[in-house]
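Enquirer: If it helps, the file is called coords.pdb and holds PDB, C-alpha atoms, pLDDT in the B column:
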ATOM      1  CA  MET A   1      48.028 -36.850 131.280  1.00 42.00           C
ATOM      2  CA  PRO A   2      47.588 -40.649 131.066  1.00 47.00           C
ATOM      3  CA  ILE A   3      44.572 -42.269 132.669  1.00 47.00           C
ATOM      4  CA  ILE A   4      45.454 -44.802 135.353  1.00 46.00           C
ATOM      5  CA  ARG A   5      42.977 -47.649 135.416  1.00 49.00           C
ATOM      6  CA  ASN A   6      41.956 -49.523 138.515  1.00 47.00           C
ATOM      7  CA  THR A   7      40.487 -52.785 137.239  1.00 52.00           C
ATOM      8  CA  GLU A   8      39.055 -53.631 140.660  1.00 48.00           C
ATOM      9  CA  TYR A   9      37.140 -50.356 140.606  1.00 43.00           C
ATOM     10  CA  GLU A  10      35.999 -50.963 137.015  1.00 50.00           C
ATOM     11  CA  ASN A  11      34.698 -54.410 137.955  1.00 49.00           C
ATOM     12  CA  GLN A  12      32.739 -52.893 140.830  1.00 47.00           C
ATOM     13  CA  MET A  13      31.150 -50.348 138.467  1.00 55.00           C
ATOM     14  CA  ILE A  14      29.283 -53.111 136.623  1.00 62.00           C
ATOM     15  CA  ASN A  15      26.096 -54.200 138.299  1.00 73.00           C
ATOM     16  CA  PRO A  16      27.022 -57.505 140.054  1.00 76.00           C
ATOM     17  CA  LYS A  17      23.938 -59.237 138.638  1.00 79.00           C
ATOM     18  CA  THR A  18      24.824 -58.131 135.112  1.00 78.00           C
ATOM     19  CA  ASN A  19      28.440 -59.201 135.589  1.00 78.00           C
ATOM     20  CA  GLN A  20      27.321 -62.624 136.834  1.00 86.00           C
ATOM     21  CA  ARG A  21      24.922 -63.014 133.893  1.00 88.00           C
ATOM     22  CA  ILE A  22      27.636 -62.090 131.377  1.00 85.00           C
ATOM     23  CA  ARG A  23      30.054 -64.596 132.923  1.00 87.00           C
ATOM     24  CA  ARG A  24      27.403 -67.357 132.904  1.00 92.00           C
ATOM     25  CA  ILE A  25      26.640 -66.735 129.217  1.00 93.00           C
ATOM     26  CA  CYS A  26      30.368 -66.710 128.407  1.00 91.00           C
ATOM     27  CA  LYS A  27      30.855 -70.022 130.258  1.00 94.00           C
ATOM     28  CA  ILE A  28      28.081 -71.641 128.245  1.00 95.00           C
ATOM     29  CA  LEU A  29      29.458 -70.222 124.991  1.00 95.00           C
ATOM     30  CA  PHE A  30      32.983 -71.369 125.887  1.00 95.00           C
ATOM     31  CA  VAL A  31      31.839 -74.950 126.550  1.00 95.00           C
ATOM     32  CA  ILE A  32      29.873 -75.004 123.273  1.00 96.00           C
ATOM     33  CA  TYR A  33      32.916 -73.560 121.482  1.00 95.00           C
ATOM     34  CA  LEU A  34      35.196 -76.291 122.905  1.00 94.00           C
ATOM     35  CA  PHE A  35      32.795 -79.043 121.806  1.00 93.00           C
ATOM     36  CA  VAL A  36      32.462 -77.633 118.284  1.00 92.00           C
ATOM     37  CA  LEU A  37      36.244 -77.190 118.054  1.00 91.00           C
ATOM     38  CA  ALA A  38      36.881 -80.755 119.266  1.00 89.00           C
ATOM     39  CA  TYR A  39      34.398 -82.163 116.769  1.00 87.00           C
ATOM     40  CA  GLY A  40      35.872 -80.187 113.885  1.00 84.00           C
ATOM     41  CA  LEU A  41      39.437 -81.103 114.764  1.00 83.00           C
ATOM     42  CA  PHE A  42      39.082 -84.720 115.849  1.00 79.00           C
ATOM     43  CA  PHE A  43      35.756 -86.363 115.080  1.00 78.00           C
ATOM     44  CA  ASN A  44      34.540 -85.392 111.621  1.00 70.00           C
ATOM     45  CA  GLU A  45      34.627 -87.787 108.671  1.00 58.00           C
ATOM     46  CA  ILE A  46      37.649 -86.202 106.968  1.00 59.00           C
ATOM     47  CA  ARG A  47      39.742 -86.698 110.108  1.00 53.00           C
ATOM     48  CA  ALA A  48      38.621 -90.312 110.388  1.00 52.00           C
ATOM     49  CA  SER A  49      39.843 -91.027 106.857  1.00 55.00           C
ATOM     50  CA  MET A  50      43.230 -89.449 107.695  1.00 54.00           C
ATOM     51  CA  ALA A  51      43.555 -91.721 110.746  1.00 52.00           C
ATOM     52  CA  ALA A  52      42.835 -94.744 108.549  1.00 50.00           C
ATOM     53  CA  ALA A  53      45.858 -93.832 106.407  1.00 58.00           C
ATOM     54  CA  GLY A  54      47.991 -94.114 109.552  1.00 62.00           C
ATOM     55  CA  GLU A  55      50.738 -91.763 108.386  1.00 69.00           C
ATOM     56  CA  LEU A  56      52.401 -89.225 110.632  1.00 76.00           C
ATOM     57  CA  HIS A  57      52.440 -85.734 109.109  1.00 76.00           C
ATOM     58  CA  TYR A  58      54.136 -82.608 110.410  1.00 85.00           C
ATOM     59  CA  ASN A  59      55.575 -79.279 109.281  1.00 88.00           C
ATOM     60  CA  LEU A  60      58.147 -77.516 111.452  1.00 91.00           C
ATOM     61  CA  VAL A  61      59.143 -74.823 108.933  1.00 93.00           C
ATOM     62  CA  PRO A  62      57.356 -71.527 109.643  1.00 94.00           C
ATOM     63  CA  PHE A  63      55.329 -70.123 106.715  1.00 92.00           C
ATOM     64  CA  LEU A  64      56.011 -73.180 104.503  1.00 92.00           C
ATOM     65  CA  GLU A  65      52.351 -74.206 104.197  1.00 89.00           C
ATOM     66  CA  ILE A  66      51.197 -70.592 103.992  1.00 89.00           C
ATOM     67  CA  ARG A  67      53.566 -70.031 101.062  1.00 92.00           C
ATOM     68  CA  ARG A  68      52.512 -73.294  99.443  1.00 91.00           C
ATOM     69  CA  TYR A  69      48.846 -72.340  99.662  1.00 89.00           C
ATOM     70  CA  LEU A  70      49.406 -68.825  98.347  1.00 89.00           C
ATOM     71  CA  THR A  71      51.615 -69.891  95.431  1.00 92.00           C
ATOM     72  CA  ASN A  72      49.275 -72.734  94.422  1.00 91.00           C
ATOM     73  CA  THR A  73      45.953 -70.933  94.739  1.00 90.00           C
ATOM     74  CA  ASP A  74      45.072 -71.794  91.124  1.00 91.00           C
ATOM     75  CA  ILE A  75      45.533 -75.529  91.818  1.00 91.00           C
ATOM     76  CA  LEU A  76      44.126 -75.689  95.355  1.00 89.00           C
ATOM     77  CA  GLY A  77      41.297 -73.255  94.745  1.00 90.00           C
ATOM     78  CA  LEU A  78      40.655 -69.937  96.422  1.00 90.00           C
ATOM     79  CA  ARG A  79      38.133 -71.445  98.841  1.00 90.00           C
ATOM     80  CA  ASN A  80      40.698 -73.916 100.203  1.00 87.00           C
ATOM     81  CA  VAL A  81      43.330 -71.199 100.536  1.00 87.00           C
ATOM     82  CA  VAL A  82      40.963 -68.885 102.410  1.00 89.00           C
ATOM     83  CA  MET A  83      39.766 -71.734 104.639  1.00 88.00           C
ATOM     84  CA  ASN A  84      43.324 -72.711 105.535  1.00 84.00           C
ATOM     85  CA  VAL A  85      44.719 -69.236 106.068  1.00 83.00           C
ATOM     86  CA  PHE A  86      41.709 -67.553 107.683  1.00 90.00           C
ATOM     87  CA  GLY A  87      39.818 -70.596 108.975  1.00 90.00           C
ATOM     88  CA  ASN A  88      42.416 -71.359 111.615  1.00 90.00           C
ATOM     89  CA  MET A  89      42.352 -67.749 112.765  1.00 94.00           C
ATOM     90  CA  ALA A  90      38.548 -67.741 112.918  1.00 94.00           C
ATOM     91  CA  MET A  91      38.528 -70.970 114.939  1.00 94.00           C
ATOM     92  CA  PHE A  92      40.535 -69.316 117.704  1.00 96.00           C
ATOM     93  CA  LEU A  93      38.774 -65.934 117.812  1.00 96.00           C
ATOM     94  CA  PRO A  94      36.298 -67.182 120.451  1.00 96.00           C
ATOM     95  CA  PHE A  95      39.181 -68.407 122.611  1.00 97.00           C
ATOM     96  CA  GLY A  96      40.804 -64.977 122.636  1.00 97.00           C
ATOM     97  CA  PHE A  97      37.458 -63.259 123.185  1.00 96.00           C
ATOM     98  CA  LEU A  98      36.020 -65.461 125.945  1.00 95.00           C
ATOM     99  CA  LEU A  99      39.098 -66.428 127.971  1.00 95.00           C
ATOM    100  CA  PRO A 100      39.800 -62.969 129.471  1.00 93.00           C
ATOM    101  CA  THR A 101      36.139 -62.598 130.438  1.00 89.00           C
ATOM    102  CA  LEU A 102      36.011 -65.976 132.169  1.00 92.00           C
ATOM    103  CA  PHE A 103      39.397 -65.956 133.858  1.00 90.00           C
ATOM    104  CA  PRO A 104      40.439 -62.593 135.307  1.00 86.00           C
ATOM    105  CA  ARG A 105      43.978 -63.915 135.968  1.00 90.00           C
ATOM    106  CA  VAL A 106      44.418 -64.321 132.219  1.00 88.00           C
ATOM    107  CA  ARG A 107      43.016 -60.900 131.348  1.00 89.00           C
ATOM    108  CA  SER A 108      46.294 -59.413 130.119  1.00 95.00           C
ATOM    109  CA  MET A 109      47.111 -59.668 126.424  1.00 96.00           C
ATOM    110  CA  GLY A 110      50.342 -61.586 127.046  1.00 96.00           C
ATOM    111  CA  LYS A 111      48.711 -64.209 129.251  1.00 97.00           C
ATOM    112  CA  THR A 112      45.782 -64.646 126.869  1.00 97.00           C
ATOM    113  CA  ILE A 113      48.112 -65.093 123.893  1.00 97.00           C
ATOM    114  CA  LEU A 114      50.327 -67.528 125.832  1.00 97.00           C
ATOM    115  CA  ALA A 115      47.258 -69.556 126.890  1.00 97.00           C
ATOM    116  CA  GLY A 116      46.038 -69.610 123.277  1.00 97.00           C
ATOM    117  CA  LEU A 117      49.447 -70.661 121.983  1.00 97.00           C
ATOM    118  CA  LEU A 118      49.703 -73.485 124.540  1.00 97.00           C
ATOM    119  CA  PHE A 119      46.143 -74.631 123.809  1.00 96.00           C
ATOM    120  CA  SER A 120      46.886 -74.606 120.084  1.00 96.00           C
ATOM    121  CA  LEU A 121      50.132 -76.517 120.667  1.00 96.00           C
ATOM    122  CA  LEU A 122      48.233 -79.140 122.651  1.00 95.00           C
ATOM    123  CA  ILE A 123      45.730 -79.543 119.814  1.00 93.00           C
ATOM    124  CA  GLU A 124      48.468 -79.823 117.175  1.00 92.00           C
ATOM    125  CA  VAL A 125      50.316 -82.484 119.184  1.00 92.00           C
ATOM    126  CA  LEU A 126      47.084 -84.426 119.793  1.00 89.00           C
ATOM    127  CA  GLN A 127      46.200 -84.269 116.092  1.00 86.00           C
ATOM    128  CA  MET A 128      49.615 -85.577 115.108  1.00 86.00           C
ATOM    129  CA  THR A 129      49.872 -88.341 117.709  1.00 86.00           C
ATOM    130  CA  SER A 130      46.307 -89.522 117.066  1.00 82.00           C
ATOM    131  CA  ARG A 131      46.950 -89.230 113.311  1.00 80.00           C
ATOM    132  CA  LEU A 132      43.712 -87.264 112.998  1.00 79.00           C
ATOM    133  CA  GLY A 133      45.571 -84.359 111.482  1.00 80.00           C
ATOM    134  CA  CYS A 134      49.083 -83.073 111.221  1.00 84.00           C
ATOM    135  CA  PHE A 135      51.323 -80.889 113.336  1.00 90.00           C
ATOM    136  CA  ASP A 136      51.813 -77.642 111.443  1.00 91.00           C
ATOM    137  CA  VAL A 137      53.727 -74.708 112.880  1.00 95.00           C
ATOM    138  CA  ASP A 138      51.776 -72.466 110.495  1.00 94.00           C
ATOM    139  CA  ASP A 139      48.577 -73.533 112.275  1.00 93.00           C
ATOM    140  CA  LEU A 140      50.146 -72.372 115.534  1.00 95.00           C
ATOM    141  CA  ILE A 141      50.826 -68.994 113.914  1.00 95.00           C
ATOM    142  CA  HIS A 142      47.278 -68.715 112.518  1.00 95.00           C
ATOM    143  CA  ASN A 143      45.643 -69.892 115.740  1.00 96.00           C
ATOM    144  CA  THR A 144      47.664 -67.478 117.856  1.00 97.00           C
ATOM    145  CA  LEU A 145      46.777 -64.604 115.521  1.00 97.00           C
ATOM    146  CA  GLY A 146      43.134 -65.613 115.939  1.00 97.00           C
ATOM    147  CA  VAL A 147      43.529 -65.461 119.728  1.00 98.00           C
ATOM    148  CA  LEU A 148      45.095 -62.004 119.400  1.00 98.00           C
ATOM    149  CA  ILE A 149      42.251 -60.748 117.195  1.00 98.00           C
ATOM    150  CA  GLY A 150      39.665 -62.237 119.580  1.00 97.00           C
ATOM    151  CA  TYR A 151      41.401 -60.549 122.503  1.00 97.00           C
ATOM    152  CA  GLY A 152      41.356 -57.245 120.616  1.00 97.00           C
ATOM    153  CA  ILE A 153      37.620 -57.596 119.991  1.00 96.00           C
ATOM    154  CA  ASN A 154      37.117 -58.367 123.687  1.00 94.00           C
ATOM    155  CA  ARG A 155      38.986 -55.235 124.738  1.00 94.00           C
ATOM    156  CA  LEU A 156      37.120 -53.149 122.174  1.00 95.00           C
ATOM    157  CA  ALA A 157      33.792 -54.469 123.486  1.00 91.00           C
ATOM    158  CA  ALA A 158      34.842 -53.762 127.084  1.00 87.00           C
ATOM    159  CA  TRP A 159      35.868 -50.235 126.095  1.00 90.00           C
ATOM    160  CA  ARG A 160      32.512 -49.647 124.341  1.00 89.00           C
ATOM    161  CA  ILE A 161      30.583 -50.908 127.369  1.00 82.00           C
ATOM    162  CA  GLU A 162      32.619 -48.695 129.674  1.00 82.00           C
ATOM    163  CA  LYS A 163      32.125 -45.700 127.369  1.00 82.00           C
ATOM    164  CA  ARG A 164      28.332 -46.185 127.412  1.00 80.00           C
ATOM    165  CA  ARG A 165      28.260 -46.246 131.201  1.00 73.00           C
ATOM    166  CA  LEU A 166      30.027 -42.905 131.492  1.00 66.00           C
TER     167      LEU A 166
END
Output the structure of this file as C-alpha cells.

Expert:
Amino acid sequence: MPIIRNTEYENQMINPKTNQRIRRICKILFVIYLFVLAYGLFFNEIRASMAAAGELHYNLVPFLEIRRYLTNTDILGLRNVVMNVFGNMAMFLPFGFLLPTLFPRVRSMGKTILAGLLFSLLIEVLQMTSRLGCFDVDDLIHNTLGVLIGYGINRLAAWRIEKRRL
C-alpha cells in the first residue's frame, strides 16, 4: 500500500525554530554560492583575457565538446577533461540542493530542474554576449545534471532527517 505524503503536515512536524534556522543558513549559503559562481564565471583573470580577445564563441551541437574532450584526453590532459565534464556539474549541485529548501513552490523535481536549466541558460547567454566565455549547449547539459544530482541529495537528506524523527 503506497504511502500518501502530506507535505504541509511534514513541514509542521519540524520544530518551527529549527526550520527557520535551516532556512536562514540555506539563504546565507545560497548568496555565498551565487557570489562564488559569478566570480568564477565572469570575473576571474582567465575570463578577462577571453574578453580582451573579443571573439564570439558558441557551440549548439549537443555532446560535441564532451566528445572532443573525451577523444583528446591525451592532448588536453585528464585534469582538464575532468574539470570540464564534472566541474560544470559540481558548480550546479548547490543550486539543486538549496533551491527546493529555500523556495517551497519550486520543491518538485521538475520545477527545480527547469529553474536550474533557465538559470544555466541565462549564464551561458551572459557569458557569450559579454565575451567572458562561450555559449555551450554541453554546459547546459552538465549544469542541469548537476542540478538534478543536487536535488537528489536534497531529497535524500530530507528523507534521512524524516527517518530519524520517526

Enquirer: Please determine, counting all atoms listed in the file, which residue among A:Tyr58, A:Tyr39, A:Tyr33, A:Phe103 has the shortest atom-to-atom distance to A:Thr129.

Expert: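 Looking at the shortest contact to A:Thr129, the residue is A:Tyr58.
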
Enquirer: So what do you get for atom CA of A:Leu140 versus atom CA of A:Met109, distance-wise?

Expert: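 A separation of 17.0 Å between them.
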
Enquirer: Which neighbours of A:Cys134 fall inside 9 Å, counting all atoms listed in the file, when residues of the same chain fewer than 4 positions from it are skipped, and could you give them as a PDB file with C-alpha atoms, keeping the file's coordinate frame?

Expert:
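Output below, filename result-v4.pdb:
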ATOM      1  CA  LEU A  56      52.401 -89.225 110.632  1.00 76.00           C
ATOM      2  CA  HIS A  57      52.440 -85.734 109.109  1.00 76.00           C
ATOM      3  CA  TYR A  58      54.136 -82.608 110.410  1.00 85.00           C
ATOM      4  CA  ASN A  59      55.575 -79.279 109.281  1.00 88.00           C
ATOM      5  CA  GLU A 124      48.468 -79.823 117.175  1.00 92.00           C
ATOM      6  CA  VAL A 125      50.316 -82.484 119.184  1.00 92.00           C
ATOM      7  CA  LEU A 126      47.084 -84.426 119.793  1.00 89.00           C
ATOM      8  CA  GLN A 127      46.200 -84.269 116.092  1.00 86.00           C
ATOM      9  CA  MET A 128      49.615 -85.577 115.108  1.00 86.00           C
ATOM     10  CA  THR A 129      49.872 -88.341 117.709  1.00 86.00           C
TER      11      THR A 129
END

Enquirer: Residues of stretch 23-116 of chain A that have any atom at most 10 Å from an atom of stretch 146-166 of chain A: could you tabulate them with the shortest-distance atom pair and the distance in Å to one decimal, using only C-alpha atoms, ordered by chain and increasing number, as a tab-separated table?

Expert:
residue	atom	partner	partner_atom	distance
A:Phe86	CA	A:Gly146	CA	8.6
A:Gly87	CA	A:Gly146	CA	9.2
A:Asn88	CA	A:Gly146	CA	7.2
A:Met89	CA	A:Gly146	CA	3.9
A:Ala90	CA	A:Gly146	CA	5.9
A:Met91	CA	A:Gly146	CA	7.1
A:Phe92	CA	A:Gly146	CA	4.9
A:Leu93	CA	A:Gly150	CA	4.2
A:Pro94	CA	A:Gly150	CA	6.0
A:Phe95	CA	A:Val147	CA	6.0
A:Gly96	CA	A:Val147	CA	4.0
A:Phe97	CA	A:Gly150	CA	4.3
A:Leu98	CA	A:Asn154	CA	7.5
A:Leu99	CA	A:Tyr151	CA	8.4
A:Pro100	CA	A:Tyr151	CA	7.5
A:Thr101	CA	A:Asn154	CA	8.0
A:Arg107	CA	A:Tyr151	CA	9.0
A:Ser108	CA	A:Tyr151	CA	9.1
A:Met109	CA	A:Tyr151	CA	7.0
A:Gly110	CA	A:Leu148	CA	9.3
A:Thr112	CA	A:Tyr151	CA	7.4
A:Ile113	CA	A:Val147	CA	6.2
A:Leu114	CA	A:Val147	CA	9.4
A:Ala115	CA	A:Val147	CA	9.1
A:Gly116	CA	A:Val147	CA	6.0

Enquirer: How many Å separate atom CA of A:Val81 from atom CA of A:Val31?

Expert: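 That distance, rounded to one decimal, is 28.7 Å.
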
Enquirer: Report, in Å to a single decimal, how far apart atom CA of A:Leu102 and atom CA of A:Ala38 are.

Expert: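 Separating atom CA of A:Ala38 from atom CA of A:Leu102 is a distance of 19.6 Å.
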
Enquirer: Out of A:Arg23, A:Asn143, A:Gly133, A:Phe63, which residue has the shortest atom-to-atom distance to A:Gly40 when counting all atoms listed in the file?

Expert: A:Gly133

Enquirer: Considering only C-alpha atoms, can you say which of A:Arg131, A:Asp139, A:Leu70, A:Lys27 comes closest to A:Phe119?

Expert: A:Asp139

Enquirer: Go through A:Val137, A:Leu145, A:Leu121, A:Ile28 and flag the residue nearest A:Pro62, using only C-alpha atoms for the distances.

Expert: A:Val137

Enquirer: Identify which of the residues A:His142, A:Pro16, A:Ile32, A:Phe42 lies closest to A:Met83, counting only C-alpha atoms when measuring atom-to-atom distances.

Expert: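 Among the listed residues, A:His142 lies closest to A:Met83.
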
Enquirer: Starting from the incomplete input, reconstruct N, CA and C atoms of stretch 111-138 of chain A and report them as a PDB file, in the coordinates of the input.

Expert:
ATOM      1  N   LYS A 111      49.170 -62.947 128.672  1.00 97.00           N
ATOM      2  CA  LYS A 111      48.711 -64.209 129.251  1.00 97.00           C
ATOM      3  C   LYS A 111      47.665 -64.884 128.360  1.00 97.00           C
ATOM      4  N   THR A 112      46.801 -64.083 127.763  1.00 97.00           N
ATOM      5  CA  THR A 112      45.782 -64.646 126.869  1.00 97.00           C
ATOM      6  C   THR A 112      46.446 -65.268 125.641  1.00 97.00           C
ATOM      7  N   ILE A 113      47.413 -64.567 125.071  1.00 97.00           N
ATOM      8  CA  ILE A 113      48.112 -65.093 123.893  1.00 97.00           C
ATOM      9  C   ILE A 113      48.897 -66.350 124.248  1.00 97.00           C
ATOM     10  N   LEU A 114      49.573 -66.342 125.401  1.00 97.00           N
ATOM     11  CA  LEU A 114      50.327 -67.528 125.832  1.00 97.00           C
ATOM     12  C   LEU A 114      49.380 -68.713 126.038  1.00 97.00           C
ATOM     13  N   ALA A 115      48.236 -68.476 126.689  1.00 97.00           N
ATOM     14  CA  ALA A 115      47.258 -69.556 126.890  1.00 97.00           C
ATOM     15  C   ALA A 115      46.756 -70.089 125.554  1.00 97.00           C
ATOM     16  N   GLY A 116      46.493 -69.187 124.606  1.00 97.00           N
ATOM     17  CA  GLY A 116      46.038 -69.610 123.277  1.00 97.00           C
ATOM     18  C   GLY A 116      47.100 -70.395 122.535  1.00 97.00           C
ATOM     19  N   LEU A 117      48.341 -69.949 122.634  1.00 97.00           N
ATOM     20  CA  LEU A 117      49.447 -70.661 121.983  1.00 97.00           C
ATOM     21  C   LEU A 117      49.604 -72.061 122.569  1.00 97.00           C
ATOM     22  N   LEU A 118      49.561 -72.180 123.895  1.00 97.00           N
ATOM     23  CA  LEU A 118      49.703 -73.485 124.540  1.00 97.00           C
ATOM     24  C   LEU A 118      48.528 -74.403 124.216  1.00 97.00           C
ATOM     25  N   PHE A 119      47.324 -73.842 124.171  1.00 96.00           N
ATOM     26  CA  PHE A 119      46.143 -74.631 123.809  1.00 96.00           C
ATOM     27  C   PHE A 119      46.260 -75.116 122.368  1.00 96.00           C
ATOM     28  N   SER A 120      46.691 -74.250 121.485  1.00 96.00           N
ATOM     29  CA  SER A 120      46.886 -74.606 120.084  1.00 96.00           C
ATOM     30  C   SER A 120      47.967 -75.679 119.944  1.00 96.00           C
ATOM     31  N   LEU A 121      49.048 -75.525 120.691  1.00 96.00           N
ATOM     32  CA  LEU A 121      50.132 -76.517 120.667  1.00 96.00           C
ATOM     33  C   LEU A 121      49.620 -77.883 121.123  1.00 96.00           C
ATOM     34  N   LEU A 122      48.824 -77.895 122.173  1.00 95.00           N
ATOM     35  CA  LEU A 122      48.233 -79.140 122.651  1.00 95.00           C
ATOM     36  C   LEU A 122      47.393 -79.798 121.561  1.00 95.00           C
ATOM     37  N   ILE A 123      46.575 -79.011 120.885  1.00 93.00           N
ATOM     38  CA  ILE A 123      45.730 -79.543 119.814  1.00 93.00           C
ATOM     39  C   ILE A 123      46.577 -80.096 118.676  1.00 93.00           C
ATOM     40  N   GLU A 124      47.608 -79.365 118.270  1.00 92.00           N
ATOM     41  CA  GLU A 124      48.468 -79.823 117.175  1.00 92.00           C
ATOM     42  C   GLU A 124      49.159 -81.140 117.528  1.00 92.00           C
ATOM     43  N   VAL A 125      49.648 -81.250 118.750  1.00 92.00           N
ATOM     44  CA  VAL A 125      50.316 -82.484 119.184  1.00 92.00           C
ATOM     45  C   VAL A 125      49.309 -83.638 119.233  1.00 92.00           C
ATOM     46  N   LEU A 126      48.117 -83.382 119.753  1.00 89.00           N
ATOM     47  CA  LEU A 126      47.084 -84.426 119.793  1.00 89.00           C
ATOM     48  C   LEU A 126      46.676 -84.863 118.392  1.00 89.00           C
ATOM     49  N   GLN A 127      46.549 -83.918 117.475  1.00 86.00           N
ATOM     50  CA  GLN A 127      46.200 -84.269 116.092  1.00 86.00           C
ATOM     51  C   GLN A 127      47.278 -85.157 115.482  1.00 86.00           C
ATOM     52  N   MET A 128      48.531 -84.808 115.707  1.00 86.00           N
ATOM     53  CA  MET A 128      49.615 -85.577 115.108  1.00 86.00           C
ATOM     54  C   MET A 128      49.713 -86.974 115.735  1.00 86.00           C
ATOM     55  N   THR A 129      49.687 -87.040 117.065  1.00 86.00           N
ATOM     56  CA  THR A 129      49.872 -88.341 117.709  1.00 86.00           C
ATOM     57  C   THR A 129      48.678 -89.271 117.485  1.00 86.00           C
ATOM     58  N   SER A 130      47.481 -88.693 117.339  1.00 82.00           N
ATOM     59  CA  SER A 130      46.307 -89.522 117.066  1.00 82.00           C
ATOM     60  C   SER A 130      46.160 -89.806 115.571  1.00 82.00           C
ATOM     61  N   ARG A 131      46.986 -89.132 114.772  1.00 80.00           N
ATOM     62  CA  ARG A 131      46.950 -89.230 113.311  1.00 80.00           C
ATOM     63  C   ARG A 131      45.603 -88.772 112.746  1.00 80.00           C
ATOM     64  N   LEU A 132      44.967 -87.857 113.468  1.00 79.00           N
ATOM     65  CA  LEU A 132      43.712 -87.264 112.998  1.00 79.00           C
ATOM     66  C   LEU A 132      43.967 -85.873 112.437  1.00 79.00           C
ATOM     67  N   GLY A 133      45.163 -85.645 112.028  1.00 80.00           N
ATOM     68  CA  GLY A 133      45.571 -84.359 111.482  1.00 80.00           C
ATOM     69  C   GLY A 133      47.086 -84.330 111.466  1.00 80.00           C
ATOM     70  N   CYS A 134      47.633 -83.173 111.235  1.00 84.00           N
ATOM     71  CA  CYS A 134      49.083 -83.073 111.221  1.00 84.00           C
ATOM     72  C   CYS A 134      49.520 -81.916 112.104  1.00 84.00           C
ATOM     73  N   PHE A 135      50.744 -81.989 112.567  1.00 90.00           N
ATOM     74  CA  PHE A 135      51.323 -80.889 113.336  1.00 90.00           C
ATOM     75  C   PHE A 135      51.871 -79.890 112.322  1.00 90.00           C
ATOM     76  N   ASP A 136      51.376 -78.672 112.389  1.00 91.00           N
ATOM     77  CA  ASP A 136      51.813 -77.642 111.443  1.00 91.00           C
ATOM     78  C   ASP A 136      52.100 -76.357 112.210  1.00 91.00           C
ATOM     79  N   VAL A 137      53.341 -75.931 112.180  1.00 95.00           N
ATOM     80  CA  VAL A 137      53.727 -74.708 112.880  1.00 95.00           C
ATOM     81  C   VAL A 137      52.961 -73.507 112.333  1.00 95.00           C
ATOM     82  N   ASP A 138      52.579 -73.547 111.075  1.00 94.00           N
ATOM     83  CA  ASP A 138      51.776 -72.466 110.495  1.00 94.00           C
ATOM     84  C   ASP A 138      50.397 -72.383 111.162  1.00 94.00           C
TER      85      ASP A 138
END
